[in-house]
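First up is the structure itself, then whatever we jot down about it.
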Amino acid sequence: MYIFRNIKKGADIGQRDLYLSVRAGDEANLPCNSVTHDQGECNGTTWFFSVSGSTVILVESGQIGNHAHSDRLRLTDKCSLVIKKVTEEDAGQYSCRQYKANQQQGRDSLVLLSVVTMTEPQVNDEVTLRCSVTTRVGCRHTVKWLLQGQDVDKDKDIRTSSSGCSASVTFLTSHYGSTQRSELFTCEVTDDGDNVQTFSPRSSVWWLYLVLALVLVALLITIVAFITWRKMKGTEARESDSVGQTSKPAVNSPETNPATADPEEGVCYASISYTKNTHNKAEVKIETDADEGDEVTYSTVKASTNEPSSLYDTI
């Protein structure tokens, strides 16, 4: 268990102990000011995280452990601890300790990490800029808003309030637009070591651009999916027609086989009349059941015998 010390300005500041305030969502780089230079790949460095009386080993002998923070941690070549996408839960004390032959070398290098959050709630025609600092070890910071680098108390159109490690300003939306807020207002955070950091509100215009970009991407995906679906349906329809045409049984044309055509298909039956003459030739008249005016075809057939029955047999 580690004791949080009231760090004041002095020889240790910037050498071994450090206050650091990072905005929520940003990346925090915690230096290890006690690191020795005779180790490879930080194999003699161990990082601890302490808060509310409990301590967790984040990095041991240069290796990131298996814990809730592991997917957001990495070590630099100087054994500094990098935390990605900082949240309020990351606020607390971090200790960097050096080992050699399993023996601790010197004292720990401490970093007290605070997380700054900024919100812009709006009610009707009023907007409130709120800046808060989370330390998880009690408030040790001074927080206030500045307008163009000056104290906002000098502007009569702005209401101010503060509580603990939090400060807010309220004004009419018509006075300052979203872009103006990010350019004119800053939140000043002063830690217990008299180190000052400033943070500006993020313009909501960027969020609008992000939303529009996401909408355009979703629309593009929908259009591509629809075009692909239409192409697939068209291919299936053509394949179905091709299969139907291939498997449909052939129907004899009335011109090629009129005698066997189905009258319901609009094809007429034909009849043959035979008349024997003295020259052993038969004259055949082919008549159809079509309406008057249809074509009539006459053919001359030579009989093989004198008996009409033989002719029919031959035909």
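Within each chain, counting starts at residue 1; across the structure tokens, chains are named A, B, ... in the order shown, with ligands numbered 1 upward in that order.
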Check which residues of range 122-176 of chain A sit at most 12 Å from range 30-53 of chain A using only C-alpha atoms, and return one row each with the closest pair of atoms and their distance in Å to one decimal, ordered by chain and rising number, as CSV.
residue,atom,partner,partner_atom,distance
A:Thr135,CA,A:Val51,CA,9.5
A:Arg136,CA,A:Val51,CA,7.1
A:Val137,CA,A:Val51,CA,7.4
A:Gly138,CA,A:Ser52,CA,10.5
Just-selected residues, all heavy atoms written as a PDB file, in the first residue's frame:
ATOM      1  N   THR A 135      -9.714  12.805  -9.227  1.00  0.00           N
ATOM      2  CA  THR A 135      -8.415  12.351  -8.714  1.00  0.00           C
ATOM      3  C   THR A 135      -8.527  11.025  -7.979  1.00  0.00           C
ATOM      4  O   THR A 135      -7.548  10.289  -7.865  1.00  0.00           O
ATOM      5  CB  THR A 135      -7.821  13.397  -7.763  1.00  0.00           C
ATOM      6  OG1 THR A 135      -8.673  13.525  -6.623  1.00  0.00           O
ATOM      7  CG2 THR A 135      -7.683  14.748  -8.453  1.00  0.00           C
ATOM      8  N   ARG A 136      -9.699  10.743  -7.392  1.00  0.00           N
ATOM      9  CA  ARG A 136      -9.983   9.546  -6.592  1.00  0.00           C
ATOM     10  C   ARG A 136      -9.156   9.500  -5.308  1.00  0.00           C
ATOM     11  O   ARG A 136      -9.085   8.468  -4.645  1.00  0.00           O
ATOM     12  CB  ARG A 136      -9.757   8.273  -7.420  1.00  0.00           C
ATOM     13  CG  ARG A 136     -10.598   8.234  -8.690  1.00  0.00           C
ATOM     14  CD  ARG A 136     -10.379   6.995  -9.482  1.00  0.00           C
ATOM     15  NE  ARG A 136     -10.976   5.842  -8.843  1.00  0.00           N
ATOM     16  CZ  ARG A 136     -10.859   4.589  -9.294  1.00  0.00           C
ATOM     17  NH1 ARG A 136     -10.148   4.348 -10.386  1.00  0.00           N
ATOM     18  NH2 ARG A 136     -11.427   3.607  -8.664  1.00  0.00           N
ATOM     19  N   VAL A 137      -8.534  10.615  -4.955  1.00  0.00           N
ATOM     20  CA  VAL A 137      -7.798  10.692  -3.690  1.00  0.00           C
ATOM     21  C   VAL A 137      -8.148  11.988  -2.968  1.00  0.00           C
ATOM     22  O   VAL A 137      -7.371  12.471  -2.124  1.00  0.00           O
ATOM     23  CB  VAL A 137      -6.273  10.618  -3.925  1.00  0.00           C
ATOM     24  CG1 VAL A 137      -5.890   9.238  -4.436  1.00  0.00           C
ATOM     25  CG2 VAL A 137      -5.819  11.709  -4.884  1.00  0.00           C
ATOM     26  N   GLY A 138      -9.295  12.572  -3.303  1.00  0.00           N
ATOM     27  CA  GLY A 138      -9.665  13.855  -2.712  1.00  0.00           C
ATOM     28  C   GLY A 138      -9.247  14.999  -3.617  1.00  0.00           C
ATOM     29  O   GLY A 138      -8.273  14.896  -4.366  1.00  0.00           O
TER      30      GLY A 138
END
Each range 71-150 of chain A residue no farther than 9 Å from range 167-178 of chain A, nearest pair in Å, only C-alpha atoms, as CSV:
residue,atom,partner,partner_atom,distance
A:Gln122,CA,A:Thr173,CA,8.6
A:Asn124,CA,A:Thr173,CA,9.0
A:Asp125,CA,A:Thr173,CA,5.6
A:Glu126,CA,A:Leu172,CA,4.5
A:Val127,CA,A:Thr170,CA,5.7
A:Thr128,CA,A:Thr170,CA,4.3
A:Leu129,CA,A:Val169,CA,5.3
A:Arg130,CA,A:Ser168,CA,4.2
A:Cys131,CA,A:Ala167,CA,5.4
A:Ser132,CA,A:Ala167,CA,6.6
A:Val143,CA,A:Ala167,CA,5.9
A:Lys144,CA,A:Ala167,CA,5.6
A:Trp145,CA,A:Ala167,CA,7.0
Go ahead and dump the residues you just picked, N, CA and C atoms, as an mmCIF file, in the first residue's frame.
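Listed below is the output, part-v7.cif:
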data_model
loop_
_atom_site.group_PDB
_atom_site.id
_atom_site.type_symbol
_atom_site.label_atom_id
_atom_site.label_comp_id
_atom_site.auth_asym_id
_atom_site.auth_seq_id
_atom_site.Cartn_x
_atom_site.Cartn_y
_atom_site.Cartn_z
ATOM 1 N N GLN A 122 -27.350 21.625 -22.431
ATOM 2 C CA GLN A 122 -28.111 22.786 -22.874
ATOM 3 C C GLN A 122 -29.567 22.641 -22.471
ATOM 4 N N ASN A 124 -33.123 24.721 -23.062
ATOM 5 C CA ASN A 124 -33.771 25.811 -23.808
ATOM 6 C C ASN A 124 -32.719 26.633 -24.540
ATOM 7 N N ASP A 125 -32.618 27.909 -24.235
ATOM 8 C CA ASP A 125 -31.669 28.770 -24.951
ATOM 9 C C ASP A 125 -30.411 29.059 -24.137
ATOM 10 N N GLU A 126 -30.174 28.251 -23.088
ATOM 11 C CA GLU A 126 -28.971 28.408 -22.278
ATOM 12 C C GLU A 126 -28.086 27.174 -22.373
ATOM 13 N N VAL A 127 -26.804 27.400 -22.415
ATOM 14 C CA VAL A 127 -25.831 26.308 -22.430
ATOM 15 C C VAL A 127 -24.874 26.489 -21.253
ATOM 16 N N THR A 128 -24.457 25.353 -20.661
ATOM 17 C CA THR A 128 -23.546 25.379 -19.520
ATOM 18 C C THR A 128 -22.281 24.602 -19.856
ATOM 19 N N LEU A 129 -21.151 25.246 -19.692
ATOM 20 C CA LEU A 129 -19.857 24.570 -19.843
ATOM 21 C C LEU A 129 -19.390 24.126 -18.467
ATOM 22 N N ARG A 130 -19.189 22.819 -18.306
ATOM 23 C CA ARG A 130 -18.786 22.290 -17.006
ATOM 24 C C ARG A 130 -17.450 21.565 -17.138
ATOM 25 N N CYS A 131 -16.538 21.870 -16.248
ATOM 26 C CA CYS A 131 -15.203 21.256 -16.241
ATOM 27 C C CYS A 131 -14.974 20.635 -14.862
ATOM 28 N N SER A 132 -14.663 19.318 -14.858
ATOM 29 C CA SER A 132 -14.479 18.597 -13.587
ATOM 30 C C SER A 132 -13.171 17.818 -13.629
ATOM 31 N N VAL A 143 -9.992 24.673 -10.030
ATOM 32 C CA VAL A 143 -10.566 24.651 -11.379
ATOM 33 C C VAL A 143 -11.331 25.948 -11.620
ATOM 34 N N LYS A 144 -11.107 26.602 -12.753
ATOM 35 C CA LYS A 144 -11.859 27.804 -13.099
ATOM 36 C C LYS A 144 -11.875 27.992 -14.617
ATOM 37 N N TRP A 145 -12.858 28.778 -15.080
ATOM 38 C CA TRP A 145 -13.013 29.067 -16.501
ATOM 39 C C TRP A 145 -12.430 30.431 -16.835
#
All strand (DSSP E or B) positions in range 103-185 of chain A, as an MDAnalysis selection string = chainID A and resid 103:119 122:123 126:134 142:147 150:151 159:162 166:172 185
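Of the residues listed (A:Ser21, A:Glu236, A:Ala213, A:Gly65), A:Ser21 shows the shortest atom-to-atom separation from Glu188 in chain A; distances use only C-alpha atoms.
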message = Could you pull out the alpha helix (DSSP H) residues of range 163-238 of chain A, going by DSSP on the backbone, and write them as JSON, numbers by chain?
response = {"A": [178, 179, 180, 181, 182, 183, 184, 204, 205, 206, 207, 208, 209, 210, 211, 212, 213, 214, 215, 216, 217, 218, 219, 220, 221, 222, 223, 224, 225, 226, 227, 228, 229, 230, 231, 232, 233, 234, 235, 236, 237, 238]}
Selection file, N, CA and C atoms, as a compact mmCIF listing (two decimals), in the first residue's frame:
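Below you can see part-v8.txt, which holds the result:
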# COMPACT_ATOMS: atom_id res chain seq x y z
N SER A 178 -21.07 27.33 -31.11
CA SER A 178 -20.24 26.17 -30.77
C SER A 178 -18.77 26.41 -31.09
N THR A 179 -18.50 26.99 -32.27
CA THR A 179 -17.11 27.24 -32.66
C THR A 179 -16.48 28.31 -31.76
N GLN A 180 -17.25 29.33 -31.44
CA GLN A 180 -16.73 30.39 -30.56
C GLN A 180 -16.37 29.86 -29.18
N ARG A 181 -17.18 28.92 -28.67
CA ARG A 181 -16.89 28.37 -27.34
C ARG A 181 -15.53 27.69 -27.32
N SER A 182 -15.26 26.88 -28.35
CA SER A 182 -13.99 26.14 -28.37
C SER A 182 -12.80 27.07 -28.57
N GLU A 183 -13.04 28.25 -29.16
CA GLU A 183 -11.94 29.18 -29.41
C GLU A 183 -11.74 30.19 -28.28
N LEU A 184 -12.83 30.55 -27.58
CA LEU A 184 -12.75 31.63 -26.60
C LEU A 184 -12.63 31.15 -25.16
N SER A 204 -18.76 21.12 -31.26
CA SER A 204 -19.75 20.10 -31.62
C SER A 204 -19.89 19.96 -33.13
N VAL A 205 -19.30 20.91 -33.89
CA VAL A 205 -19.36 20.80 -35.36
C VAL A 205 -18.69 19.52 -35.82
N TRP A 206 -17.61 19.14 -35.14
CA TRP A 206 -16.91 17.91 -35.53
C TRP A 206 -17.79 16.70 -35.32
N TRP A 207 -18.61 16.74 -34.26
CA TRP A 207 -19.53 15.62 -34.04
C TRP A 207 -20.57 15.56 -35.14
N LEU A 208 -21.02 16.72 -35.63
CA LEU A 208 -21.97 16.74 -36.74
C LEU A 208 -21.35 16.14 -37.99
N TYR A 209 -20.11 16.51 -38.27
CA TYR A 209 -19.42 15.93 -39.43
C TYR A 209 -19.30 14.41 -39.30
N LEU A 210 -19.01 13.96 -38.08
CA LEU A 210 -18.86 12.52 -37.86
C LEU A 210 -20.18 11.79 -38.11
N VAL A 211 -21.27 12.38 -37.60
CA VAL A 211 -22.59 11.75 -37.81
C VAL A 211 -22.94 11.70 -39.29
N LEU A 212 -22.69 12.81 -40.00
CA LEU A 212 -22.98 12.84 -41.43
C LEU A 212 -22.15 11.80 -42.19
N ALA A 213 -20.89 11.66 -41.80
CA ALA A 213 -20.03 10.66 -42.46
C ALA A 213 -20.56 9.25 -42.24
N LEU A 214 -21.00 8.97 -41.01
CA LEU A 214 -21.55 7.64 -40.73
C LEU A 214 -22.82 7.39 -41.52
N VAL A 215 -23.66 8.42 -41.67
CA VAL A 215 -24.90 8.27 -42.44
C VAL A 215 -24.58 7.99 -43.91
N LEU A 216 -23.60 8.69 -44.46
CA LEU A 216 -23.22 8.48 -45.86
C LEU A 216 -22.67 7.08 -46.07
N VAL A 217 -21.87 6.61 -45.13
CA VAL A 217 -21.32 5.25 -45.25
C VAL A 217 -22.44 4.21 -45.22
N ALA A 218 -23.40 4.40 -44.30
CA ALA A 218 -24.53 3.46 -44.22
C ALA A 218 -25.35 3.48 -45.50
N LEU A 219 -25.54 4.68 -46.07
CA LEU A 219 -26.31 4.79 -47.32
C LEU A 219 -25.58 4.11 -48.46
N LEU A 220 -24.28 4.28 -48.53
CA LEU A 220 -23.49 3.64 -49.58
C LEU A 220 -23.56 2.13 -49.48
N ILE A 221 -23.46 1.60 -48.27
CA ILE A 221 -23.55 0.16 -48.07
C ILE A 221 -24.91 -0.36 -48.51
N THR A 222 -25.98 0.39 -48.20
CA THR A 222 -27.33 -0.01 -48.59
C THR A 222 -27.48 -0.05 -50.11
N ILE A 223 -26.94 0.98 -50.79
CA ILE A 223 -27.03 1.02 -52.26
C ILE A 223 -26.29 -0.15 -52.88
N VAL A 224 -25.09 -0.41 -52.41
CA VAL A 224 -24.30 -1.54 -52.95
C VAL A 224 -25.03 -2.86 -52.73
N ALA A 225 -25.60 -3.04 -51.53
CA ALA A 225 -26.33 -4.28 -51.24
C ALA A 225 -27.54 -4.43 -52.15
N PHE A 226 -28.24 -3.31 -52.43
CA PHE A 226 -29.43 -3.37 -53.28
C PHE A 226 -29.05 -3.72 -54.72
N ILE A 227 -27.98 -3.09 -55.22
CA ILE A 227 -27.53 -3.39 -56.59
C ILE A 227 -27.11 -4.85 -56.71
N THR A 228 -26.39 -5.35 -55.72
CA THR A 228 -25.97 -6.76 -55.72
C THR A 228 -27.17 -7.69 -55.72
N TRP A 229 -28.18 -7.35 -54.91
CA TRP A 229 -29.39 -8.18 -54.84
C TRP A 229 -30.10 -8.19 -56.18
N ARG A 230 -30.21 -7.02 -56.85
CA ARG A 230 -30.88 -6.96 -58.14
C ARG A 230 -30.15 -7.79 -59.18
N LYS A 231 -28.83 -7.74 -59.16
CA LYS A 231 -28.05 -8.54 -60.11
C LYS A 231 -28.26 -10.03 -59.88
N MET A 232 -28.29 -10.44 -58.62
CA MET A 232 -28.49 -11.85 -58.30
C MET A 232 -29.87 -12.32 -58.74
N LYS A 233 -30.90 -11.49 -58.51
CA LYS A 233 -32.25 -11.84 -58.93
C LYS A 233 -32.36 -11.94 -60.44
N GLY A 234 -31.70 -11.04 -61.18
CA GLY A 234 -31.70 -11.09 -62.63
C GLY A 234 -31.03 -12.34 -63.16
N THR A 235 -29.91 -12.72 -62.53
CA THR A 235 -29.21 -13.94 -62.95
C THR A 235 -30.07 -15.17 -62.71
N GLU A 236 -30.75 -15.22 -61.56
CA GLU A 236 -31.62 -16.36 -61.27
C GLU A 236 -32.78 -16.44 -62.25
N ALA A 237 -33.36 -15.29 -62.65
CA ALA A 237 -34.47 -15.29 -63.60
C ALA A 237 -34.03 -15.80 -64.96
N ARG A 238 -32.84 -15.36 -65.42
CA ARG A 238 -32.36 -15.84 -66.72
C ARG A 238 -32.07 -17.32 -66.70
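In terms of minimum interatomic distance to Leu81 in chain A, A:Gly62 ranks closest within A:Gly62, A:Pro201, A:Gly149, A:Gly193, counting only C-alpha atoms.
Nearest to Ile57 in chain A of all the residues A:Thr190, A:Thr117, A:Ser70, A:Thr142 is A:Ser70, based on only C-alpha atoms.
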